[in-house]
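What follows is the content of work-v2.cif (mmCIF, C-alpha atoms).
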```cif
data_target
#
loop_
_atom_site.label_atom_id
_atom_site.label_comp_id
_atom_site.auth_asym_id
_atom_site.auth_seq_id
_atom_site.Cartn_x
_atom_site.Cartn_y
_atom_site.Cartn_z
CA MET A 1 -13.44 45.12 -13.48
CA SER A 2 -15.09 45.33 -10.10
CA VAL A 3 -18.50 43.73 -9.59
CA LEU A 4 -21.02 44.05 -6.77
CA GLY A 5 -22.14 40.98 -4.85
CA ARG A 6 -25.79 40.33 -4.05
CA GLN A 7 -25.52 41.91 -0.59
CA GLY A 8 -23.27 44.78 -1.56
CA PHE A 9 -19.86 43.17 -1.22
CA GLN A 10 -17.48 44.63 -3.77
CA ALA A 11 -15.30 41.98 -5.38
CA THR A 12 -12.49 42.34 -7.89
CA ARG A 13 -13.40 39.07 -9.61
CA ARG A 14 -16.13 36.49 -9.53
CA VAL A 15 -14.94 32.91 -9.11
CA ASP A 16 -16.90 30.23 -10.95
CA ILE A 17 -19.21 28.44 -8.53
CA ARG A 18 -18.96 24.68 -8.82
CA PRO A 19 -19.36 21.72 -6.46
CA PRO A 20 -16.97 21.56 -3.48
CA LEU A 21 -13.58 20.23 -4.42
CA THR A 22 -13.02 18.26 -1.24
CA GLY A 23 -16.20 18.39 0.75
CA ARG A 24 -16.61 19.94 4.17
CA GLY A 25 -14.43 18.25 6.74
CA CYS A 26 -12.83 16.00 4.13
CA ALA A 27 -10.09 13.85 5.67
CA GLU A 28 -8.55 12.54 2.47
CA TRP A 29 -6.95 15.63 0.97
CA SER A 30 -3.24 15.20 0.33
CA GLY A 31 -2.78 17.54 -2.67
CA PRO A 32 -2.68 18.56 -5.41
CA VAL A 33 -6.52 18.65 -5.42
CA PRO A 34 -7.34 22.32 -4.79
CA LEU A 35 -9.07 23.47 -1.63
CA ARG A 36 -11.78 26.06 -1.17
CA LEU A 37 -10.51 28.62 1.32
CA PHE A 38 -12.21 31.56 2.99
CA VAL A 39 -9.38 33.94 3.93
CA ILE A 40 -9.52 36.86 6.36
CA PRO A 41 -6.34 38.92 5.84
CA PRO A 42 -5.34 42.21 7.51
CA SER A 43 -8.65 44.02 7.52
CA ALA A 44 -7.10 47.42 6.84
CA MET A 45 -5.49 46.55 3.49
CA VAL A 46 -4.47 43.96 0.93
CA THR A 47 -1.93 45.41 -1.49
CA ASP A 48 0.88 44.42 -3.82
CA HIS A 49 2.64 47.79 -3.98
CA LEU A 50 1.75 50.17 -1.13
CA PRO A 51 4.08 50.48 1.93
CA HIS A 52 1.80 48.43 4.18
CA GLY A 53 3.64 45.51 5.77
CA ASP A 54 0.65 43.37 6.75
CA GLY A 55 -1.06 44.05 3.43
CA LEU A 56 1.98 43.09 1.36
CA VAL A 57 2.57 39.88 3.29
CA ALA A 58 -1.11 38.96 3.09
CA TRP A 59 -1.09 39.46 -0.69
CA ALA A 60 1.99 37.26 -1.02
CA PHE A 61 0.31 34.42 0.91
CA ILE A 62 -2.89 34.80 -1.11
CA ARG A 63 -1.09 34.93 -4.46
CA GLU A 64 0.98 31.84 -3.67
CA LEU A 65 -2.12 29.83 -2.74
CA ALA A 66 -4.04 31.00 -5.82
CA HIS A 67 -1.14 30.17 -8.13
CA ARG A 68 -1.20 26.64 -6.69
CA GLY A 69 -4.79 26.33 -7.89
CA HIS A 70 -6.64 26.72 -4.59
CA VAL A 71 -9.94 28.59 -4.79
CA LEU A 72 -9.88 31.62 -2.49
CA HIS A 73 -12.52 34.07 -1.36
CA VAL A 74 -10.74 36.83 0.56
CA ALA A 75 -12.59 39.20 2.91
CA ALA A 76 -10.60 42.42 3.18
CA GLY A 77 -11.29 45.89 4.49
CA SER A 78 -9.54 47.58 1.57
CA VAL A 79 -7.85 46.32 -1.60
CA ASP A 80 -5.24 48.04 -3.78
CA VAL A 81 -3.76 45.40 -6.09
CA ARG A 82 -2.26 46.18 -9.49
CA GLN A 83 -1.39 42.65 -10.61
CA GLU A 84 -3.74 40.56 -12.72
CA LEU A 85 -5.66 38.27 -10.41
CA PRO A 86 -5.52 34.49 -10.84
CA ALA A 87 -8.79 33.00 -12.05
CA THR A 88 -9.34 31.19 -8.74
CA LEU A 89 -9.17 34.32 -6.58
CA ALA A 90 -11.90 36.75 -5.51
CA LEU A 91 -11.07 39.76 -3.32
CA HIS A 92 -14.13 41.12 -1.46
CA ARG A 93 -13.92 44.69 -0.19
CA LEU A 94 -15.86 45.01 3.05
CA GLY A 95 -14.86 48.53 4.09
CA ASP A 96 -12.72 49.73 6.98
CA GLY A 97 -13.23 48.72 10.58
CA GLY A 98 -11.87 45.24 11.06
CA ALA A 99 -8.71 46.37 12.82
CA ALA A 100 -10.50 49.09 14.76
CA GLY A 101 -11.81 48.58 18.25
CA GLY A 102 -15.32 48.56 19.62
CA LEU A 103 -18.32 49.03 17.37
CA GLY A 104 -16.23 49.39 14.20
CA ARG A 105 -14.84 45.90 14.62
CA LEU A 106 -18.24 44.42 15.41
CA ARG A 107 -19.70 45.96 12.25
CA TYR A 108 -16.84 44.50 10.24
CA MET A 109 -17.37 41.07 11.80
CA ARG A 110 -21.03 41.19 10.79
CA ARG A 111 -19.95 41.90 7.19
CA VAL A 112 -17.55 38.96 7.29
CA ARG A 113 -20.26 36.66 8.54
CA ARG A 114 -22.77 37.89 5.97
CA LEU A 115 -20.29 37.37 3.13
CA TYR A 116 -19.39 33.89 4.35
CA SER A 117 -23.07 32.95 4.67
CA GLU A 118 -23.83 34.19 1.17
CA LEU A 119 -20.96 32.26 -0.37
CA ALA A 120 -21.61 29.11 1.67
CA ARG A 121 -25.08 28.77 0.14
CA SER A 122 -23.52 27.62 -3.13
CA GLN A 123 -20.21 26.07 -2.06
CA ALA A 124 -18.67 24.33 0.93
CA PHE A 125 -15.43 25.77 2.26
CA ASP A 126 -12.74 23.38 3.44
CA LEU A 127 -10.98 25.84 5.76
CA VAL A 128 -11.07 29.37 7.08
CA HIS A 129 -7.68 31.04 7.43
CA GLN A 130 -7.23 34.29 9.35
CA LEU A 131 -3.92 35.99 8.61
CA ASN A 132 -2.23 38.70 10.65
CA PRO A 133 -3.37 40.60 12.67
CA VAL A 134 -4.96 37.66 14.43
CA ASP A 135 -5.62 39.23 17.83
CA VAL A 136 -8.44 41.42 16.51
CA GLY A 137 -10.77 38.44 16.84
CA VAL A 138 -12.51 38.67 13.45
CA SER A 139 -12.69 34.90 12.95
CA LEU A 140 -15.04 34.71 15.98
CA ALA A 141 -17.72 35.93 13.58
CA LEU A 142 -17.68 32.36 12.21
CA ALA A 143 -17.29 30.56 15.55
CA ASP A 144 -20.41 28.44 15.03
CA GLN A 145 -19.55 27.31 11.50
CA PRO A 146 -18.58 23.62 10.98
CA VAL A 147 -15.31 24.37 9.19
CA GLY A 148 -11.68 24.12 10.28
CA LEU A 149 -9.87 27.33 11.29
CA VAL A 150 -6.18 28.16 10.77
CA LEU A 151 -4.83 31.20 12.64
CA GLY A 152 -1.68 33.07 11.80
CA PRO A 153 1.12 33.37 11.43
CA TYR A 154 1.19 35.28 14.68
CA TRP A 155 3.94 37.89 15.00
CA PRO A 156 5.45 39.11 18.28
CA ASP A 157 4.20 42.46 19.55
CA TRP A 158 6.30 45.55 19.93
CA ALA A 159 6.92 46.44 23.56
CA PRO A 160 3.71 47.78 25.16
CA ALA A 161 5.52 50.66 26.86
CA GLY A 162 8.90 52.38 27.13
CA VAL A 163 11.61 53.06 24.54
CA GLY A 164 10.82 51.33 21.28
CA ALA A 165 7.14 50.81 22.09
CA ASP A 166 4.63 50.95 19.27
CA ARG A 167 2.41 53.01 21.52
CA GLU A 168 1.48 52.98 25.17
CA THR A 169 -0.90 50.07 25.70
CA SER A 170 -3.15 49.94 28.74
CA ALA A 171 -3.44 46.86 30.91
CA ALA A 172 -7.15 46.71 30.03
CA ALA A 173 -6.39 46.62 26.30
CA LEU A 174 -3.86 43.85 26.82
CA ARG A 175 -6.44 41.83 28.78
CA VAL A 176 -8.99 42.21 25.96
CA LYS A 177 -6.41 41.05 23.43
CA GLY A 178 -5.64 38.03 25.57
CA ILE A 179 -9.33 37.14 25.88
CA LEU A 180 -9.88 37.37 22.11
CA ARG A 181 -6.72 35.37 21.45
CA ALA A 182 -7.78 32.57 23.79
CA ALA A 183 -11.31 32.45 22.35
CA GLN A 184 -10.02 32.14 18.80
CA GLN A 185 -7.45 29.50 19.64
CA ARG A 186 -10.06 27.37 21.43
CA ARG A 187 -11.95 27.29 18.14
CA ALA A 188 -8.84 26.82 15.93
CA THR A 189 -7.59 23.67 14.28
CA SER A 190 -4.06 25.04 13.75
CA VAL A 191 -2.05 27.99 15.06
CA LEU A 192 0.96 29.32 13.14
CA LEU A 193 3.90 31.22 14.66
CA SER A 194 6.17 33.36 12.47
CA THR A 195 9.17 32.63 14.71
CA PRO A 196 9.64 31.18 18.21
CA ALA A 197 9.48 34.79 19.47
CA ALA A 198 5.72 34.66 18.82
CA ALA A 199 5.18 31.79 21.25
CA ALA A 200 4.05 34.33 23.85
CA LYS A 201 0.86 34.63 21.76
CA LEU A 202 -0.16 31.07 22.60
CA ALA A 203 -3.05 30.94 25.02
CA ALA A 204 -3.18 28.41 27.83
CA PRO A 205 -4.27 25.11 26.27
CA GLY A 206 -7.87 24.12 26.84
CA ARG A 207 -9.55 20.77 26.51
CA ARG A 208 -8.64 20.62 22.81
CA ALA A 209 -5.41 22.42 22.05
CA PRO A 210 -4.80 23.37 18.40
CA ALA A 211 -1.76 22.09 16.54
CA VAL A 212 1.07 24.65 16.68
CA ARG A 213 3.43 25.02 13.72
CA GLU A 214 6.11 27.54 12.78
CA LEU A 215 5.53 29.26 9.44
CA SER A 216 7.08 32.57 8.50
CA ALA A 217 6.37 34.85 5.60
CA GLY A 218 8.20 33.99 2.40
CA ILE A 219 9.95 35.91 -0.35
CA ASP A 220 10.13 35.85 -4.14
CA ASP A 221 13.69 34.62 -4.61
CA ASP A 222 13.58 35.45 -8.34
CA LEU A 223 12.75 39.10 -7.73
CA TRP A 224 14.99 39.43 -4.67
CA ARG A 225 18.33 38.06 -5.79
CA PRO A 226 22.04 38.94 -5.64
CA PRO A 227 23.29 41.63 -8.03
CA LEU A 228 24.91 40.47 -11.26
CA GLN A 229 28.13 42.25 -10.34
CA GLU A 230 29.48 43.18 -6.93
CA SER A 231 30.97 46.66 -6.49
CA PRO A 232 33.20 46.76 -3.42
CA GLY A 233 32.23 49.65 -1.21
CA GLN A 234 31.29 50.57 2.33
CA ASP A 235 27.65 51.53 2.04
CA VAL A 236 25.31 50.74 4.94
CA LEU A 237 21.58 50.77 4.17
CA PHE A 238 18.72 51.40 6.59
CA LEU A 239 15.30 50.99 4.97
CA ALA A 240 12.33 51.37 7.32
CA ASN A 241 9.87 53.88 8.71
CA LEU A 242 11.69 56.69 10.49
CA GLU A 243 10.48 55.95 14.00
CA VAL A 244 12.21 55.70 17.35
CA ARG A 245 11.23 52.03 17.65
CA LYS A 246 13.14 51.24 14.43
CA GLY A 247 16.39 52.36 16.08
CA ILE A 248 17.23 55.13 13.61
CA HIS A 249 18.78 57.35 16.28
CA VAL A 250 20.85 54.47 17.66
CA LEU A 251 22.15 53.89 14.13
CA LEU A 252 23.07 57.57 13.73
CA ASP A 253 24.93 57.41 17.05
CA ALA A 254 26.78 54.29 15.86
CA PHE A 255 27.69 55.74 12.47
CA GLY A 256 28.94 58.92 14.11
CA ARG A 257 31.32 56.80 16.19
CA LEU A 258 32.92 55.04 13.21
CA SER A 259 32.74 57.61 10.42
CA SER A 260 36.13 59.14 11.21
CA GLU A 261 37.79 55.70 11.10
CA LEU A 262 36.21 54.79 7.76
CA PRO A 263 36.29 57.84 5.46
CA GLY A 264 34.84 55.80 2.59
CA ALA A 265 31.78 54.63 4.51
CA ARG A 266 28.31 55.98 3.79
CA LEU A 267 24.99 55.51 5.55
CA LEU A 268 21.97 55.49 3.24
CA VAL A 269 18.66 56.05 5.02
CA GLY A 270 15.51 55.09 3.14
CA GLY A 271 12.06 55.78 4.50
CA ALA A 272 9.89 58.50 5.96
CA GLY A 273 8.01 58.98 9.20
CA PRO A 274 7.64 61.02 12.37
CA GLU A 275 11.39 61.14 13.08
CA GLU A 276 12.29 62.58 9.68
CA GLU A 277 12.70 66.17 10.89
CA PRO A 278 14.68 65.20 14.03
CA VAL A 279 16.95 63.12 11.79
CA ARG A 280 17.46 66.03 9.39
CA ARG A 281 18.25 68.30 12.32
CA ARG A 282 20.89 65.89 13.60
CA LEU A 283 22.51 65.73 10.16
CA ARG A 284 22.68 69.52 9.95
CA GLU A 285 24.25 69.81 13.39
CA SER A 286 26.87 67.04 13.24
CA SER A 287 29.93 66.92 10.98
CA ALA A 288 30.34 63.24 11.95
CA LEU A 289 27.12 62.55 10.04
CA ALA A 290 28.15 64.36 6.85
CA ARG A 291 28.15 61.07 4.89
CA VAL A 292 24.59 60.17 5.79
CA GLU A 293 22.29 60.40 2.76
CA LEU A 294 18.50 60.52 3.09
CA LEU A 295 16.82 58.65 0.25
CA GLY A 296 13.26 59.45 1.28
CA ARG A 297 10.51 56.90 0.73
CA VAL A 298 11.79 54.31 -1.75
CA PRO A 299 9.10 53.15 -4.23
CA HIS A 300 8.24 49.48 -3.87
CA ASP A 301 9.51 48.67 -7.37
CA ARG A 302 12.92 50.20 -6.52
CA VAL A 303 13.51 48.48 -3.19
CA ALA A 304 15.21 45.38 -4.63
CA ALA A 305 17.71 47.45 -6.64
CA THR A 306 18.37 49.65 -3.60
CA MET A 307 19.05 46.58 -1.48
CA GLN A 308 21.35 45.05 -4.11
CA ALA A 309 23.41 48.25 -4.24
CA CYS A 310 24.33 48.31 -0.55
CA ASP A 311 27.18 46.44 1.14
CA VAL A 312 25.62 45.91 4.57
CA TYR A 313 21.99 46.09 5.62
CA CYS A 314 21.26 47.37 9.13
CA LEU A 315 17.97 47.18 11.05
CA PRO A 316 18.56 48.10 14.73
CA SER A 317 14.90 47.93 15.85
CA TYR A 318 14.02 47.69 19.52
CA GLY A 319 11.78 44.68 19.00
CA GLU A 320 10.95 44.03 15.34
CA PRO A 321 8.13 41.46 15.10
CA PHE A 322 9.77 39.82 12.07
CA GLY A 323 11.81 42.05 9.78
CA MET A 324 10.79 41.68 6.13
CA THR A 325 13.46 44.10 4.95
CA ALA A 326 16.10 41.96 6.66
CA LEU A 327 14.75 38.94 4.76
CA GLU A 328 14.87 40.94 1.52
CA ALA A 329 18.50 41.82 2.23
CA MET A 330 19.29 38.16 2.90
CA ALA A 331 17.73 37.19 -0.43
CA CYS A 332 19.96 39.77 -2.14
CA ALA A 333 23.00 38.11 -0.49
CA ARG A 334 23.66 41.03 1.84
CA PRO A 335 25.03 40.57 5.37
CA VAL A 336 22.69 41.90 8.04
CA VAL A 337 23.46 43.78 11.24
CA ALA A 338 20.40 43.75 13.49
CA THR A 339 19.22 43.60 17.06
CA ASN A 340 18.90 40.33 18.91
CA ALA A 341 15.29 41.03 19.82
CA GLY A 342 11.86 40.03 18.61
CA GLY A 343 11.65 38.19 15.32
CA LEU A 344 15.02 39.50 14.11
CA GLY A 345 16.81 37.46 16.74
CA HIS A 346 15.47 34.29 15.07
CA LEU A 347 15.41 35.45 11.44
CA VAL A 348 19.03 36.58 11.04
CA PRO A 349 21.36 33.54 11.17
CA ASP A 350 24.59 33.76 13.14
CA ALA A 351 26.58 32.91 10.00
CA GLY A 352 24.77 35.59 7.99
CA GLY A 353 25.09 38.65 10.16
CA VAL A 354 25.81 40.19 13.53
CA LYS A 355 23.19 40.76 16.23
CA VAL A 356 23.56 43.25 19.07
CA ALA A 357 21.45 44.34 22.01
CA PRO A 358 18.78 46.98 21.28
CA GLY A 359 19.87 50.53 21.98
CA ASP A 360 23.60 49.70 22.20
CA ALA A 361 25.24 52.20 19.82
CA ALA A 362 28.79 51.12 20.72
CA ALA A 363 28.11 47.45 19.92
CA LEU A 364 26.30 48.44 16.74
CA ALA A 365 29.28 50.56 15.61
CA ALA A 366 31.68 47.69 16.29
CA ALA A 367 29.55 45.24 14.32
CA LEU A 368 29.32 47.59 11.34
CA ARG A 369 33.06 48.31 11.48
CA ASP A 370 33.96 44.62 11.44
CA LEU A 371 31.91 44.03 8.30
CA LEU A 372 32.83 47.21 6.45
CA VAL A 373 36.56 46.50 6.66
CA ASP A 374 36.28 42.84 5.60
CA GLN A 375 34.89 42.28 2.11
CA GLY A 376 35.51 38.52 2.32
CA LEU A 377 33.43 38.26 5.50
CA ARG A 378 30.64 40.26 3.89
CA ARG A 379 30.65 37.97 0.87
CA ALA A 380 30.60 34.78 2.98
CA MET A 381 27.74 36.05 5.13
CA GLY A 382 25.77 37.18 2.10
CA GLU A 383 26.18 33.82 0.37
CA HIS A 384 25.05 32.03 3.53
CA ASN A 385 21.96 34.23 3.74
CA ARG A 386 21.07 33.51 0.12
CA ARG A 387 21.28 29.75 0.73
CA ILE A 388 19.02 30.07 3.78
CA VAL A 389 16.47 31.99 1.72
CA GLU A 390 16.46 29.41 -1.08
CA THR A 391 16.02 26.45 1.26
CA ARG A 392 13.63 27.96 3.83
CA TYR A 393 12.05 31.27 2.85
CA ALA A 394 11.39 31.07 -0.90
CA TRP A 395 7.64 31.16 -1.45
CA GLY A 396 7.72 27.70 -3.00
CA ARG A 397 9.08 26.30 0.26
CA VAL A 398 6.68 28.31 2.42
CA GLY A 399 3.74 27.27 0.25
CA ASP A 400 4.68 23.60 0.63
CA ARG A 401 4.70 23.97 4.41
CA LEU A 402 1.39 25.82 4.44
CA GLU A 403 -0.23 23.08 2.36
CA SER A 404 1.13 20.61 4.89
CA VAL A 405 -0.61 22.62 7.64
CA TYR A 406 -3.86 22.49 5.68
CA ARG A 407 -3.43 18.74 5.13
CA ASP A 408 -3.03 18.17 8.87
CA ALA A 409 -5.99 20.44 9.63
CA LEU A 410 -8.24 18.30 7.44
CA THR A 411 -7.34 14.98 9.04
#
```
Would you write out, as structure tokens, the structure that this file holds?
Amino acid sequence: MSVLGRQGFQATRRVDIRPPLTGRGCAEWSGPVPLRLFVIPPSAMVTDHLPHGDGLVAWAFIRELAHRGHVLHVAAGSVDVRQELPATLALHRLGDGGAAGGLGRLRYMRRVRRLYSELARSQAFDLVHQLNPVDVGVSLALADQPVGLVLGPYWPDWAPAGVGADRETSAAALRVKGILRAAQQRRATSVLLSTPAAAAKLAAPGRRAPAVRELSAGIDDDLWRPPLQESPGQDVLFLANLEVRKGIHVLLDAFGRLSSELPGARLLVGGAGPEEEPVRRRLRESSALARVELLGRVPHDRVAATMQACDVYCLPSYGEPFGMTALEAMACARPVVATNAGGLGHLVPDAGGVKVAPGDAAALAAALRDLLVDQGLRRAMGEHNRRIVETRYAWGRVGDRLESVYRDALT
């Protein structure tokens, strides 16, 4: 049941207040003694079921840390979580505005500072951790506090302009982002990068450069796992928002090229978005796209089964910052065809898929054709992807590396 904090902060659970577990600035922590963490996740949302990428990833980080026994107070703009919360976790709803620009962000930062100040009266936090998006500068609300700061993981940006851009971004807006980024990193103890593609987010080092580590999002390798029984087929799955930047039209061009050669192949398109009607129009007008099936928005609790049922997963984005659906496909032992751009270029291993240049429909068609006609190659790539997930991306592995980051930040 929700409760209301003394200054109006709505929290989903009160955490027992007790003496600090490590002491502010403690240099001896090496685990498993729990830490007290003040976490600033994506200010728009923390969720375990809604189609909100930042919110889902934030919840996964938070849940993993809480399950390890760390005490977390999480400042979030909005919360929609269905799972039972661990006893060491409090989610504080501060209202929208943290990701917005101008006065909305400043108001949100004041709420963050007020919450931190209220909590710090009765407990000492060991670290502050701001998750993605980091460039909004919210952690600067605590710039004068004597506590270590971990930033990230940072994700690469979509292109600021042109085909595949998130939206047109002005030079002035980019300058402001750069200023906020540099100010936060000067204050930070550690900076995390999701993949090497995010290295462009590193500001020029100052007098005291933060430690830089690579740490991606993780995945539940029990939930996302290979199907119990393989059914040989030629089904290609695309599961993403229907937007130009996701490469949906490039994929339709590619499938149109190979559909006549592979009469058993199907393209399953999951998702919704602004390009839904243009996609439907293309399907009505082209006989080459007769075996394209629109699944609509796939509920979160059906995504794993949908991924397990496909034979090849395809994400031809113009510059995907990371590619969580590609990681989900890898965990389900599916081969991945993707673009060699952004985070995808680092996430998808060469032995687990095929990467092509963004916007190249001919190369994309050739890559899909090679996999669809070779079941043995698909199986080998899928098995390789599953091994990579188990050794690198399972949440247990990611949590171990994050605790190592915290350990270094406290020494």
Item to complete: Between CA of Gln234 in chain A and CA of Ala367 in chain A, measure the distance and give it in Å to one decimal.
Response: 13.2 Å
Item to complete: Would you translate the PyMOL selection byres ((chain A and resi 351-364) around 8) into the concrete set of residues it matches in this file, as a ChimeraX atom specification?
Response: /A:247,250-251,253-254,257,316-319,330,335-341,345,348-350,365-368,380-385
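Computed from the coordinates, the CA of Trp224 in chain A to CA of Val389 in chain A distance equals 9.9 Å.
One distance worth recording is that between CA of Ala87 in chain A and CA of Glu403 in chain A, which is 19.5 Å.
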Practice prompt. List the residues matched by the PyMOL selection byres ((chain A and resi 206-217) around 7) in the displayed structure as a ChimeraX atom specification, ordered by chain and then by residue number.
Written response: /A:57,153,185-186,188-195,204-205,218
Worksheet item: From the set A:Thr411, A:Thr325, A:Ser122, A:Gln130, which residue has the shortest atom-to-atom contact distance to Phe61 in chain A, counting only C-alpha atoms?
Response: A:Gln130
